[in-house]
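Taking it in order: structure first as structure tokens, then the write-up.
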Amino acid sequence: MTTAAAPEVLVETEGKIGIVTISRPQALNALSVSVMDAVVELLGGFDRDPSIHAMVLAGLPRAFAAGADIGEMKDITGAAGAEKQLSRHLSHWDKIGLLKKPLIAAVSGFALGGGCELAMACDMIVASETAVFGQPEVLIGVIAGAGGTQRLTKAVGKALSMEMNLTGRRLTAREALSFGLVNKVVPVESYLSEAKKLAHTIAAQPPLAVQAAKASVLFAVDSKLSEGLSFERQSFFRLFDTQDQKEGMKAFAEKRKPVWTGN
Ligand code: CAA
């Protein structure tokens with residue numbers, strides 16, 4: 001079922017997965033305040049819904065998103081004005097990075113500026129052959145403001161991130177795959193179905209273990225190895241409090257498929 005939560009953001013569910021699609025074709029899915037408000041509200045709703053185990057954030061075939069909405073920023077003057085008018089908007093990218101359930105970006109066409117940052121705030125990226133990634137903010141007199149100098153550097157390393165952030169160089173989908181920015185590249189006809197397939201595969205796993213794995217991998221991005229190992233170990237131990245740990249190991253011993261309850 002597809003319902004319009006906001007005119008330019010569509011939402012549907014398919015089994016245990018929730019799908020949010022940005023659809024603002026006339027502006028190449030530019031991420032206006034109202035679009036990001038709806039995206040965050042809908043994904044947050046799925047994150048809190050116990051019947052949803054994984055999520056997909058999609059754009060359109062021509063554009064995942066060509067950035068934050070430049071029209072909404074062009075008349076802002078002064079650092080204080082920018083902070084006042086844009087802080088809440090930019091915090092939406094942070095909120096997406098803090099979701100507990102796995103989120104897969106289904107990216108086709110332009111993923112530029114805030115669009116690239118939005119894809120990188122997701123946990124995995126399934127890209128179509130036409131996907132293009134970049135941080136072109138320098139070309140309009142600013143820099144990335146929603147993680148593009150940070151997440152891109154952690155994803156592809158300093159040299160390439162420098163080049164992309166300082167020159168606006170874009171990556172093709174194949175280049176993004178070779179640099180580890182995306183998980184897979186598929187024909188444009190199937191990028192959404194492939195992203196959903198990956199989400200269904202994750203949604204079929206025990207949800208508490210999946211969420212613990214996600215949190216632990218994200219912890220690795222920001223922490224020293226010793227702190228990360230400790231975080232992982234504690235999460236591993238905590239999963240022995242769950243019914244799904246008992247069921248998973250019992251089913252293995254009994255040579256049958258486990259039946260997960262999410263407890
Ligand atoms: N904001 C608002 N509108 C945008 C937009 C954006 N980021 N990107 C594209 N559009 C609009 C265009 O203004 C145009 O609208 P009109 O038809 O009304 O003129 C429409 O989308 C189609 O765009 P183009 O005619 O430019 O299409 P194109 O195929 O010639 O070029 C493009 C495509 C290369 C993506 C080009 O549109 C472009 O360079 N867009 C801007 C990319 C960019 O600079 N993004 C960063 C934004 S700042 C940011 O994101 C800050 C942050 O870190 C959060």
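The chains in the structure tokens are called A, B, ... from first to last as shown; in each chain the residues are counted from 1, and the ligands are counted from 1 in the order shown.
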Contacts with ligand 1 at most 8 Å, only C-alpha atoms and all ligand atoms counted, listed as a ChimeraX atom specification: /A:25-32,63,65-72,90,110,112-115,117,135-137,139-140,142-148
Selection from above, C-alpha atoms, as a compact mmCIF listing (two decimals), in the first residue's frame, can you write it?
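Ended up saving to result-v5.txt:
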```txt
# COMPACT_ATOMS: atom_id res chain seq x y z
CA PRO A 25 11.01 14.86 -9.74
CA GLN A 26 10.70 18.50 -10.77
CA ALA A 27 13.62 19.40 -8.46
CA LEU A 28 15.61 16.15 -8.84
CA ASN A 29 14.47 15.18 -5.33
CA ALA A 30 16.15 18.22 -3.73
CA LEU A 31 15.86 17.75 0.02
CA SER A 32 13.65 20.60 1.19
CA ALA A 63 17.75 11.19 -8.84
CA ALA A 65 18.53 13.43 -4.34
CA ALA A 66 20.51 16.27 -5.94
CA GLY A 67 21.26 17.83 -2.56
CA ALA A 68 19.67 20.04 0.01
CA ASP A 69 17.28 22.53 -1.58
CA ILE A 70 19.49 25.38 -2.78
CA GLY A 71 16.42 27.57 -3.24
CA GLU A 72 15.76 27.42 0.49
CA LEU A 90 20.70 19.43 9.00
CA PHE A 110 22.13 11.83 -8.78
CA LEU A 112 24.87 14.77 -4.72
CA GLY A 113 25.55 17.00 -1.72
CA GLY A 114 22.89 16.31 0.88
CA GLY A 115 21.72 13.40 -1.29
CA GLU A 117 25.15 12.49 2.65
CA GLN A 135 29.90 16.46 -2.76
CA PRO A 136 29.71 19.45 -5.13
CA GLU A 137 29.00 22.09 -2.46
CA LEU A 139 31.04 24.65 -6.57
CA ILE A 140 28.32 26.80 -4.97
CA VAL A 142 30.12 26.26 0.64
CA ILE A 143 31.11 22.81 1.88
CA ALA A 144 29.13 19.75 2.85
CA GLY A 145 27.08 20.41 5.98
CA ALA A 146 25.43 17.06 6.72
CA GLY A 147 28.39 14.72 6.98
CA GLY A 148 29.96 14.82 3.51
```
Who sits within 12 Å of A:Thr242, only C-alpha atoms, same chain under 5 positions skipped, as an MDAnalysis selection string: chainID A and resid 206:209 212 235:237 247:249 260:263
Which residue of A:Thr149, A:Thr21, A:Ser190, A:Gln85 approaches A:Thr130 most closely, using only C-alpha atoms: A:Ser190
Distance of atom CA of A:Phe133 from atom CA of A:Leu166, expressed in Å to one decimal place: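 Between atom CA of A:Leu166 and atom CA of A:Phe133 the gap works out to 14.2 Å.
Interatomic distance, atom CA of A:Thr153 against atom CA of A:Leu57: 22.2 Å.
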Interatomic distance (Å, one decimal) between atom CA of A:Phe219 and atom CA of A:Leu152: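 Atom CA of A:Phe219 sits 16.4 Å away from atom CA of A:Leu152.
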Pick from A:Lys184, A:Asp49, A:Arg24, A:Gly134, whichever lies nearest to A:Ser161 using only C-alpha atoms: A:Gly134
Residues near A:Pro187, cut-off 12 Å, only C-alpha atoms, skip fewer than 5 positions along chain, as a VMD selection string: chain A and resid 61 106 to 109 126 to 131 173 to 174 192 to 195
Members of stretch 128-262 of chain A assigned helix (DSSP H, G or I) by DSSP, as an MDAnalysis selection string: chainID A and resid 136:140 151:156 158:167 173:178 188:203 207:222 225:241 243:253
Expected answer as a list in words: strand (DSSP E or B) residues in stretch 114-256 of chain A: Met124, Ile125, Val126, Ala127, Ser128, Val132, Phe133, Gly134, Arg170, Leu171, Thr172, Lys184, Val185 and Val186 of chain A
